[in-house]
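Engineer: Could you have a look at this structure, given as structure tokens, before my questions?
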Amino acid sequence: MAPAREYAMRVAIVGGGVAGALLALRTVLAPRAARGEQVHPRSPRRAGGPQGEQGARDSAADDRHAHRVLPGRADGGVVAPAREYAMRVAIVGGGVAGALLALRTARAPGGARVDLFTARSPRREDASGVSGGLVRGFETSTDACRTAAESLAEIRSSDTLLDWTGYRETGSLYVLSGGSGTDGPAEVVDAYLPGSAEVIGRDTVIRDFPFRTLPADAVAVVERYAGHISPHRLRTAALEEAVSLGVTVRPAPVDAVTRDPAVRTADGGTVRYDRVVVAAGAWTPHLLDRSGLPVAGLRTKQIQYSLCETPLSGLGSFVDECSGLYGRPYGDGTFLLGLPSDRWDVDPDTVAPDVPLERRVTECARRVFGVAVTAGRTVASCDCYHDPAGLVLRRVGPGLHTFTGGSGGAAKTVLSASRTAATALLA
Ligand SMILES: Cc1cc2nc3c(=O)[nH]c(=O)nc-3n(C[C@H](O)[C@H](O)[C@H](O)COP(=O)(O)OP(=O)(O)OC[C@H]3O[C@@H](n4cnc5c(N)ncnc54)[C@H](O)[C@@H]3O)c2cc1C
């Protein structure tokens with residue numbers, strides 16, 4: 001029997017072709033041999049995103065396959081390679097933002113040892129659990145548009161992310177009054193999702209979509225490649241994958257974060273880290289305040305939608321800035337419909353439906369579409385807002401950050417935003 005070998009290094013080779021096979025052989029035969037594992041991609045990728053660049057980058061889906069093990073290994077299962085970590089990172093919050101950041105951080109070159117703290121029994125469902133999940137590339141700001149379009153292109157280009165997100169492609173319509181400023185963002189969408197976006201005039205909207213009335217100066221951006229996802233499903237899959245990569249999920253609500261930086265849990269334990277990130281969504285401002293840290297412009301705001309019975313058809317995901325109405329198909333004869341709330345600084349643990357707002361939604365939808373609309377279940381929750389809006393890593397102190405502030409839109413940007421944040425965190 002050959003003696004067991006000690007290896008200086010472990011190497012994964014992605015690609016099952018001749019080049020990959022030869023590289024694996026050469027690697028094993030090298031003077032200071034590494035343990036070579038040749039990994040076969042599961043399926044070809046679909047097009048999406050600025051080509052070439054997208055394919056070479058850290059994809060939540062593709063990276064997953066790099067940790068699959070060759071057939072014939074004794075353990076036969078999925079293993080996370082033993083790693084030496086340069087950094088210890090704590091992430092507070094197991095919503096879609098915390099889960100994706102944990103996964104991206106664990107995957108980043110050099111990696112980090114990640115502890116993810118989750119509230120053991122949240123009294124309410126979090127934003128990721130109730131999110132409408134509308135995803136599109138178009139946003140009125142070019143920066144927001146880039147993150148949204150990049151995230152959507154990543155989903156559409158990966159079989160694994162299509163599965164993780166439960167993506168449904170219904171198309172999207174974004175109606176604006178005034179019509180200025182659509183060209184720049186529409187070009188960004190086209191760069192990531194070629195052939196998806198088209199700017200159309202008011203009369204075309206009225207002809208092709210079930211809008212009964214619109215202001216004379218209205219224009220719209222129609223997107224073919226857009227629809228909705230389940231942020232909860234994405235968070236669950238990302239957490240599972242993160243755990244398989246060595247991330248430790250600690251079901252221990254965090255009482256406070258300190259400037260060390262450190263995390264103090266509700267049971268009184270304090271653990272120091274190199275980086276602490278508060279990704280606790282709408283709970284973030286209160287947690288920072290309770291910790292004696294600056295809230296730094298973060299606020300909470302209610303978000304509410306109703307699942308309405310209506311014969312409305314011929315419409316996918318939509319936002320109508322003229323009336324404020326937004327929504328998407330929810331099921332047979334049911335549409336998710338909402339209007340922006342004006343309830344700021346709500347407590348995420350006690351948020352309750354705003355009944356007059358629910359009534360305004362049905363009235364507005366009847367007026368805009370000229371169809372019967374009856375509100376069924378109303379979902380009231382809240383999210384963390386920031387001006388300017390965006391799910392980004394914000395520094396609170398040395399080694400201490402927040403990752404929130406998506407302002408009601410982080411489901412559509414989280415894939416791109418978490419990649420950028422993980423890189424910045426480990427820099
Ligand atoms: C009703 C609604 C509809 C929406 N619709 C859309 C949409 O159509 N498209 C779109 O792009 N976006 C939408 N959003 C926004 C998007 O869903 C959110 O921005 C996103 O889910 C926020 O994720 P998060 O991880 O930051 O926060 P959350 O999902 O709220 O997660 C925060 C987590 O932190 C945990 N936590 C809190 N305090 C602590 C503590 N002390 N210790 C440990 N853990 C803690 C909580 O239990 C929670 O699990 C919607 C949001 C809402 C509320």
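Chain labels A, B, ... are given in the sequence in which chains occur in the structure tokens; within each chain residues are numbered consecutively from 1, and ligands are likewise numbered from 1 in the order shown.
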Can you tell me which residues surround Leu134 in chain A at a distance of at most 8 Å, considering only C-alpha atoms, apart from same-chain residues fewer than 6 positions away, and format the answer as number ranges by chain?

Structural biologist: A: 227-229, 317, 327-328, 411-412

Engineer: Export N, CA and C atoms of the chosen residues as a PDB file, in the first residue's frame?

Structural biologist:
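Output below, filename selection-v7.pdb:
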ATOM      1  N   GLY A 227     -38.869  39.841 -13.543  1.00  0.00           N
ATOM      2  CA  GLY A 227     -39.986  39.105 -12.947  1.00  0.00           C
ATOM      3  C   GLY A 227     -39.947  39.165 -11.443  1.00  0.00           C
ATOM      4  N   HIS A 228     -39.953  38.012 -10.795  1.00  0.00           N
ATOM      5  CA  HIS A 228     -39.877  38.022  -9.334  1.00  0.00           C
ATOM      6  C   HIS A 228     -39.174  36.772  -8.818  1.00  0.00           C
ATOM      7  N   ILE A 229     -38.624  36.910  -7.606  1.00  0.00           N
ATOM      8  CA  ILE A 229     -37.909  35.804  -6.955  1.00  0.00           C
ATOM      9  C   ILE A 229     -38.470  35.627  -5.546  1.00  0.00           C
ATOM     10  N   SER A 317     -44.518  42.099 -13.513  1.00  0.00           N
ATOM     11  CA  SER A 317     -44.114  42.995 -12.432  1.00  0.00           C
ATOM     12  C   SER A 317     -44.234  44.427 -12.946  1.00  0.00           C
ATOM     13  N   GLY A 327     -46.733  46.243  -8.264  1.00  0.00           N
ATOM     14  CA  GLY A 327     -47.282  44.909  -8.016  1.00  0.00           C
ATOM     15  C   GLY A 327     -46.729  43.861  -8.950  1.00  0.00           C
ATOM     16  N   ARG A 328     -47.312  42.693  -8.827  1.00  0.00           N
ATOM     17  CA  ARG A 328     -46.947  41.565  -9.689  1.00  0.00           C
ATOM     18  C   ARG A 328     -48.030  40.491  -9.590  1.00  0.00           C
ATOM     19  N   ALA A 411     -33.903  43.029  -2.461  1.00  0.00           N
ATOM     20  CA  ALA A 411     -34.039  41.709  -3.083  1.00  0.00           C
ATOM     21  C   ALA A 411     -33.449  41.734  -4.481  1.00  0.00           C
ATOM     22  N   LYS A 412     -33.585  42.870  -5.161  1.00  0.00           N
ATOM     23  CA  LYS A 412     -33.138  42.919  -6.544  1.00  0.00           C
ATOM     24  C   LYS A 412     -31.646  43.235  -6.677  1.00  0.00           C
TER      25      LYS A 412
END

Engineer: What residues have any atom no more than 7 Å from ligand 1 when counting only C-alpha atoms and all ligand atoms, and can you list them as a PyMOL selection string?

Structural biologist: chain A and resi 92-98+117-119+122+126-135+231+252-255+279-284+287+303-305+379-383+404+406-413

Engineer: Convert the current residue selection to file output with C-alpha atoms, as a PDB file, in the first residue's frame.

Structural biologist:
ATOM      1  CA  VAL A  92     -25.411  39.870  12.660  1.00  0.00           C
ATOM      2  CA  GLY A  93     -28.688  38.961  10.926  1.00  0.00           C
ATOM      3  CA  GLY A  94     -29.783  35.962   8.868  1.00  0.00           C
ATOM      4  CA  GLY A  95     -31.954  37.749   6.304  1.00  0.00           C
ATOM      5  CA  VAL A  96     -31.055  37.637   2.645  1.00  0.00           C
ATOM      6  CA  ALA A  97     -28.401  40.358   3.145  1.00  0.00           C
ATOM      7  CA  GLY A  98     -26.591  38.578   6.000  1.00  0.00           C
ATOM      8  CA  PHE A 117     -25.689  35.440  14.370  1.00  0.00           C
ATOM      9  CA  THR A 118     -29.422  35.027  13.872  1.00  0.00           C
ATOM     10  CA  ALA A 119     -32.320  35.927  16.135  1.00  0.00           C
ATOM     11  CA  PRO A 122     -38.017  36.405  15.552  1.00  0.00           C
ATOM     12  CA  ASP A 126     -38.400  39.489   8.560  1.00  0.00           C
ATOM     13  CA  ALA A 127     -38.404  41.471   5.294  1.00  0.00           C
ATOM     14  CA  SER A 128     -36.799  38.577   3.417  1.00  0.00           C
ATOM     15  CA  GLY A 129     -39.639  36.310   4.559  1.00  0.00           C
ATOM     16  CA  VAL A 130     -42.449  38.493   3.187  1.00  0.00           C
ATOM     17  CA  SER A 131     -40.755  40.382   0.357  1.00  0.00           C
ATOM     18  CA  GLY A 132     -42.635  40.808  -2.904  1.00  0.00           C
ATOM     19  CA  GLY A 133     -39.382  39.847  -4.639  1.00  0.00           C
ATOM     20  CA  LEU A 134     -39.863  42.018  -7.741  1.00  0.00           C
ATOM     21  CA  VAL A 135     -36.632  41.964  -9.751  1.00  0.00           C
ATOM     22  CA  PRO A 231     -35.766  36.151  -1.214  1.00  0.00           C
ATOM     23  CA  ALA A 252     -28.081  33.683  19.404  1.00  0.00           C
ATOM     24  CA  PRO A 253     -29.693  37.130  19.261  1.00  0.00           C
ATOM     25  CA  VAL A 254     -27.070  39.847  19.548  1.00  0.00           C
ATOM     26  CA  ASP A 255     -27.587  42.200  22.449  1.00  0.00           C
ATOM     27  CA  ALA A 279     -26.935  43.149   8.635  1.00  0.00           C
ATOM     28  CA  ALA A 280     -30.037  43.124  10.809  1.00  0.00           C
ATOM     29  CA  GLY A 281     -32.337  44.908   8.341  1.00  0.00           C
ATOM     30  CA  ALA A 282     -34.989  47.008  10.076  1.00  0.00           C
ATOM     31  CA  TRP A 283     -33.574  46.005  13.482  1.00  0.00           C
ATOM     32  CA  THR A 284     -30.230  47.666  12.652  1.00  0.00           C
ATOM     33  CA  LEU A 287     -29.293  47.679  17.683  1.00  0.00           C
ATOM     34  CA  ILE A 303     -43.800  48.467   3.528  1.00  0.00           C
ATOM     35  CA  GLN A 304     -47.216  47.020   2.909  1.00  0.00           C
ATOM     36  CA  TYR A 305     -48.979  45.201   0.116  1.00  0.00           C
ATOM     37  CA  VAL A 379     -48.891  41.990   4.579  1.00  0.00           C
ATOM     38  CA  ALA A 380     -47.302  44.740   6.682  1.00  0.00           C
ATOM     39  CA  SER A 381     -43.597  44.721   7.450  1.00  0.00           C
ATOM     40  CA  CYS A 382     -40.709  47.145   7.228  1.00  0.00           C
ATOM     41  CA  ASP A 383     -37.204  47.613   5.914  1.00  0.00           C
ATOM     42  CA  THR A 404     -28.396  47.257   5.071  1.00  0.00           C
ATOM     43  CA  GLY A 406     -31.698  48.723   0.702  1.00  0.00           C
ATOM     44  CA  SER A 407     -34.759  50.943   1.221  1.00  0.00           C
ATOM     45  CA  GLY A 408     -37.347  48.453   0.034  1.00  0.00           C
ATOM     46  CA  GLY A 409     -35.306  47.189  -2.906  1.00  0.00           C
ATOM     47  CA  ALA A 410     -32.529  44.902  -1.677  1.00  0.00           C
ATOM     48  CA  ALA A 411     -34.039  41.709  -3.083  1.00  0.00           C
ATOM     49  CA  LYS A 412     -33.138  42.919  -6.544  1.00  0.00           C
ATOM     50  CA  THR A 413     -29.582  44.026  -5.709  1.00  0.00           C
TER      51      THR A 413
END

Engineer: Mind listing the helix (DSSP H, G or I) residues of range 120-208 of chain A, per DSSP on the backbone, as an NGL selection string?

Structural biologist: :A and (127-130 or 142-156 or 159-165 or 183-192 or 202-208)

Engineer: Which residues are close to Val271 in chain A, i.e. within 7 Å by only C-alpha atoms, leaving aside same-chain residues fewer than 6 positions away? Reply as a PyMOL selection string.

Structural biologist: chain A and resi 262-264

Engineer: Which residues, written as a CSV table (one decimal) with N, CA and C atoms, in the first residue's frame, have at least one atom at most 8 Å from Phe138 in chain A, with only C-alpha atoms counted and residues fewer than 2 positions away on the same chain left out?

Structural biologist:
chain,number,residue,atom,x,y,z
A,136,ARG,N,-35.9,43.5,-11.5
A,136,ARG,CA,-35.7,44.0,-12.8
A,136,ARG,C,-34.4,44.7,-12.9
A,140,THR,N,-34.1,54.2,-11.6
A,140,THR,CA,-33.9,55.6,-12.1
A,140,THR,C,-32.5,56.1,-11.9
A,145,CYS,N,-29.2,51.0,-10.9
A,145,CYS,CA,-29.5,50.2,-12.1
A,145,CYS,C,-28.4,49.1,-12.3
A,148,ALA,N,-28.7,46.3,-9.8
A,148,ALA,CA,-29.9,45.5,-10.0
A,148,ALA,C,-29.8,44.6,-11.3
A,149,ALA,N,-29.2,45.2,-12.4
A,149,ALA,CA,-29.1,44.5,-13.6
A,149,ALA,C,-28.0,43.4,-13.5
A,174,TYR,N,-42.0,49.7,-16.1
A,174,TYR,CA,-41.7,50.8,-15.1
A,174,TYR,C,-42.2,52.1,-15.8
A,185,PRO,N,-29.9,54.8,-17.6
A,185,PRO,CA,-30.2,53.5,-17.0
A,185,PRO,C,-30.6,52.4,-18.0
A,186,ALA,N,-31.3,52.7,-19.1
A,186,ALA,CA,-31.7,51.7,-20.1
A,186,ALA,C,-30.5,51.2,-20.8
A,189,VAL,N,-29.0,48.6,-18.4
A,189,VAL,CA,-29.7,47.3,-18.5
A,189,VAL,C,-29.3,46.6,-19.7
A,221,VAL,N,-40.4,52.0,-19.3
A,221,VAL,CA,-39.3,51.1,-19.7
A,221,VAL,C,-39.9,49.7,-19.5
A,223,GLU,N,-39.2,45.7,-19.8
A,223,GLU,CA,-38.1,44.7,-19.8
A,223,GLU,C,-38.7,43.3,-20.0

Engineer: Between A:Ser291, A:Ser230, A:Thr182, A:Thr258, which has the minimum distance to Arg275 in chain A (counting only C-alpha atoms)?

Structural biologist: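 The closest residue to Arg275 in chain A is A:Thr258.
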
Engineer: Can you list, as a PyMOL selection string, every protein, DNA or RNA residue that comes within 12 Å of Ser323 in chain A when you count only C-alpha atoms, leaving out same-chain residues fewer than 4 positions away?

Structural biologist: chain A and resi 174-177+211+213-215+218+318-319+338-340+360-361+363-369

Engineer: Could you write out the selected residues, including N, CA and C atoms, as a PDB file, in the first residue's frame?

Structural biologist:
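The result, stored in again22.pdb:
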ATOM      1  N   TYR A 174     -42.009  49.705 -16.076  1.00  0.00           N
ATOM      2  CA  TYR A 174     -41.740  50.792 -15.121  1.00  0.00           C
ATOM      3  C   TYR A 174     -42.210  52.086 -15.764  1.00  0.00           C
ATOM      4  N   VAL A 175     -43.296  52.664 -15.235  1.00  0.00           N
ATOM      5  CA  VAL A 175     -43.893  53.861 -15.831  1.00  0.00           C
ATOM      6  C   VAL A 175     -43.417  55.100 -15.063  1.00  0.00           C
ATOM      7  N   LEU A 176     -42.950  56.107 -15.795  1.00  0.00           N
ATOM      8  CA  LEU A 176     -42.490  57.359 -15.172  1.00  0.00           C
ATOM      9  C   LEU A 176     -43.235  58.523 -15.796  1.00  0.00           C
ATOM     10  N   SER A 177     -43.415  59.577 -15.029  1.00  0.00           N
ATOM     11  CA  SER A 177     -43.959  60.788 -15.651  1.00  0.00           C
ATOM     12  C   SER A 177     -42.780  61.710 -15.953  1.00  0.00           C
ATOM     13  N   PHE A 211     -53.486  49.573 -18.738  1.00  0.00           N
ATOM     14  CA  PHE A 211     -53.649  50.892 -18.104  1.00  0.00           C
ATOM     15  C   PHE A 211     -54.772  51.635 -18.816  1.00  0.00           C
ATOM     16  N   THR A 213     -55.649  54.844 -17.968  1.00  0.00           N
ATOM     17  CA  THR A 213     -55.318  56.252 -18.047  1.00  0.00           C
ATOM     18  C   THR A 213     -53.892  56.503 -17.577  1.00  0.00           C
ATOM     19  N   LEU A 214     -53.218  57.465 -18.196  1.00  0.00           N
ATOM     20  CA  LEU A 214     -51.869  57.871 -17.791  1.00  0.00           C
ATOM     21  C   LEU A 214     -51.679  59.341 -18.154  1.00  0.00           C
ATOM     22  N   PRO A 215     -50.836  60.095 -17.437  1.00  0.00           N
ATOM     23  CA  PRO A 215     -50.576  61.480 -17.822  1.00  0.00           C
ATOM     24  C   PRO A 215     -49.986  61.564 -19.235  1.00  0.00           C
ATOM     25  N   ALA A 218     -46.255  60.700 -19.806  1.00  0.00           N
ATOM     26  CA  ALA A 218     -45.740  59.433 -19.256  1.00  0.00           C
ATOM     27  C   ALA A 218     -44.925  58.660 -20.308  1.00  0.00           C
ATOM     28  N   PHE A 318     -44.699  45.326 -12.114  1.00  0.00           N
ATOM     29  CA  PHE A 318     -44.798  46.714 -12.594  1.00  0.00           C
ATOM     30  C   PHE A 318     -44.623  47.716 -11.455  1.00  0.00           C
ATOM     31  N   VAL A 319     -44.141  48.903 -11.842  1.00  0.00           N
ATOM     32  CA  VAL A 319     -44.116  50.067 -10.958  1.00  0.00           C
ATOM     33  C   VAL A 319     -44.686  51.209 -11.780  1.00  0.00           C
ATOM     34  N   GLY A 338     -49.467  47.203  -4.133  1.00  0.00           N
ATOM     35  CA  GLY A 338     -49.099  48.066  -3.010  1.00  0.00           C
ATOM     36  C   GLY A 338     -48.914  49.515  -3.427  1.00  0.00           C
ATOM     37  N   LEU A 339     -48.923  50.377  -2.431  1.00  0.00           N
ATOM     38  CA  LEU A 339     -48.590  51.795  -2.584  1.00  0.00           C
ATOM     39  C   LEU A 339     -47.553  52.112  -1.508  1.00  0.00           C
ATOM     40  N   PRO A 340     -46.671  53.093  -1.749  1.00  0.00           N
ATOM     41  CA  PRO A 340     -45.693  53.429  -0.718  1.00  0.00           C
ATOM     42  C   PRO A 340     -46.381  53.896   0.566  1.00  0.00           C
ATOM     43  N   ARG A 360     -56.719  52.605   0.026  1.00  0.00           N
ATOM     44  CA  ARG A 360     -56.223  53.442  -1.086  1.00  0.00           C
ATOM     45  C   ARG A 360     -55.671  52.565  -2.218  1.00  0.00           C
ATOM     46  N   VAL A 361     -55.079  51.431  -1.874  1.00  0.00           N
ATOM     47  CA  VAL A 361     -54.513  50.540  -2.899  1.00  0.00           C
ATOM     48  C   VAL A 361     -55.610  50.035  -3.831  1.00  0.00           C
ATOM     49  N   GLU A 363     -58.626  51.303  -4.315  1.00  0.00           N
ATOM     50  CA  GLU A 363     -59.225  52.424  -5.061  1.00  0.00           C
ATOM     51  C   GLU A 363     -58.322  52.837  -6.227  1.00  0.00           C
ATOM     52  N   CYS A 364     -57.049  52.930  -5.948  1.00  0.00           N
ATOM     53  CA  CYS A 364     -56.092  53.363  -6.967  1.00  0.00           C
ATOM     54  C   CYS A 364     -56.042  52.351  -8.117  1.00  0.00           C
ATOM     55  N   ALA A 365     -56.005  51.062  -7.770  1.00  0.00           N
ATOM     56  CA  ALA A 365     -55.926  50.029  -8.818  1.00  0.00           C
ATOM     57  C   ALA A 365     -57.187  50.034  -9.680  1.00  0.00           C
ATOM     58  N   ARG A 366     -58.343  50.260  -9.062  1.00  0.00           N
ATOM     59  CA  ARG A 366     -59.595  50.322  -9.846  1.00  0.00           C
ATOM     60  C   ARG A 366     -59.548  51.493 -10.824  1.00  0.00           C
ATOM     61  N   ARG A 367     -59.028  52.623 -10.341  1.00  0.00           N
ATOM     62  CA  ARG A 367     -58.969  53.826 -11.183  1.00  0.00           C
ATOM     63  C   ARG A 367     -57.976  53.644 -12.337  1.00  0.00           C
ATOM     64  N   VAL A 368     -56.782  53.114 -12.018  1.00  0.00           N
ATOM     65  CA  VAL A 368     -55.721  53.011 -13.025  1.00  0.00           C
ATOM     66  C   VAL A 368     -56.048  51.948 -14.078  1.00  0.00           C
ATOM     67  N   PHE A 369     -56.617  50.814 -13.622  1.00  0.00           N
ATOM     68  CA  PHE A 369     -56.825  49.700 -14.565  1.00  0.00           C
ATOM     69  C   PHE A 369     -58.290  49.537 -14.996  1.00  0.00           C
TER      70      PHE A 369
END

Engineer: Figure out the distance between CA of Arg88 in chain A and CA of Thr248 in chain A, please, to one decimal in Å.

Structural biologist: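 Going from CA of Thr248 in chain A over to CA of Arg88 in chain A, I get 11.3 Å.
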
Engineer: Mind the document's chain letters and residue numbers, and return as a list of chain:residue names the residues of range 110-146 of chain A that DSSP labels strand (DSSP E).

Structural biologist: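 Reading the DSSP output for range 110-146 of chain A, strand (DSSP E) covers A:Arg113, A:Val114, A:Asp115, A:Leu116, A:Phe117, A:Leu134, A:Val135.
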
Engineer: Take the residues from that selection and put them in a file with C-alpha atoms, as a JSON list (two decimals), in the first residue's frame.

Structural biologist:
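Once written, part-v4.json looks like this:
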[["chain", "number", "residue", "atom", "x", "y", "z"],
["A", 113, "ARG", "CA", -13.88, 32.46, 9.35],
["A", 114, "VAL", "CA", -17.45, 33.64, 9.52],
["A", 115, "ASP", "CA", -19.90, 33.48, 12.42],
["A", 116, "LEU", "CA", -23.46, 34.41, 11.45],
["A", 117, "PHE", "CA", -25.69, 35.44, 14.37],
["A", 134, "LEU", "CA", -39.86, 42.02, -7.74],
["A", 135, "VAL", "CA", -36.63, 41.96, -9.75]]

Engineer: What separation in Å, quoted to one decimal, exists between CA of Gly137 in chain A and CA of Leu173 in chain A?

Structural biologist: 10.8 Å

Engineer: Quick one: of A:Leu245, A:Ala421, A:Ala191, A:Leu239, who's nearest to Ala153 in chain A, counting only C-alpha atoms?

Structural biologist: A:Ala191

Engineer: Would you work out the distance separating CA of Leu415 in chain A from CA of Ala102 in chain A, expressed in Å to one decimal?

Structural biologist: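 These atoms are spaced 11.8 Å apart.
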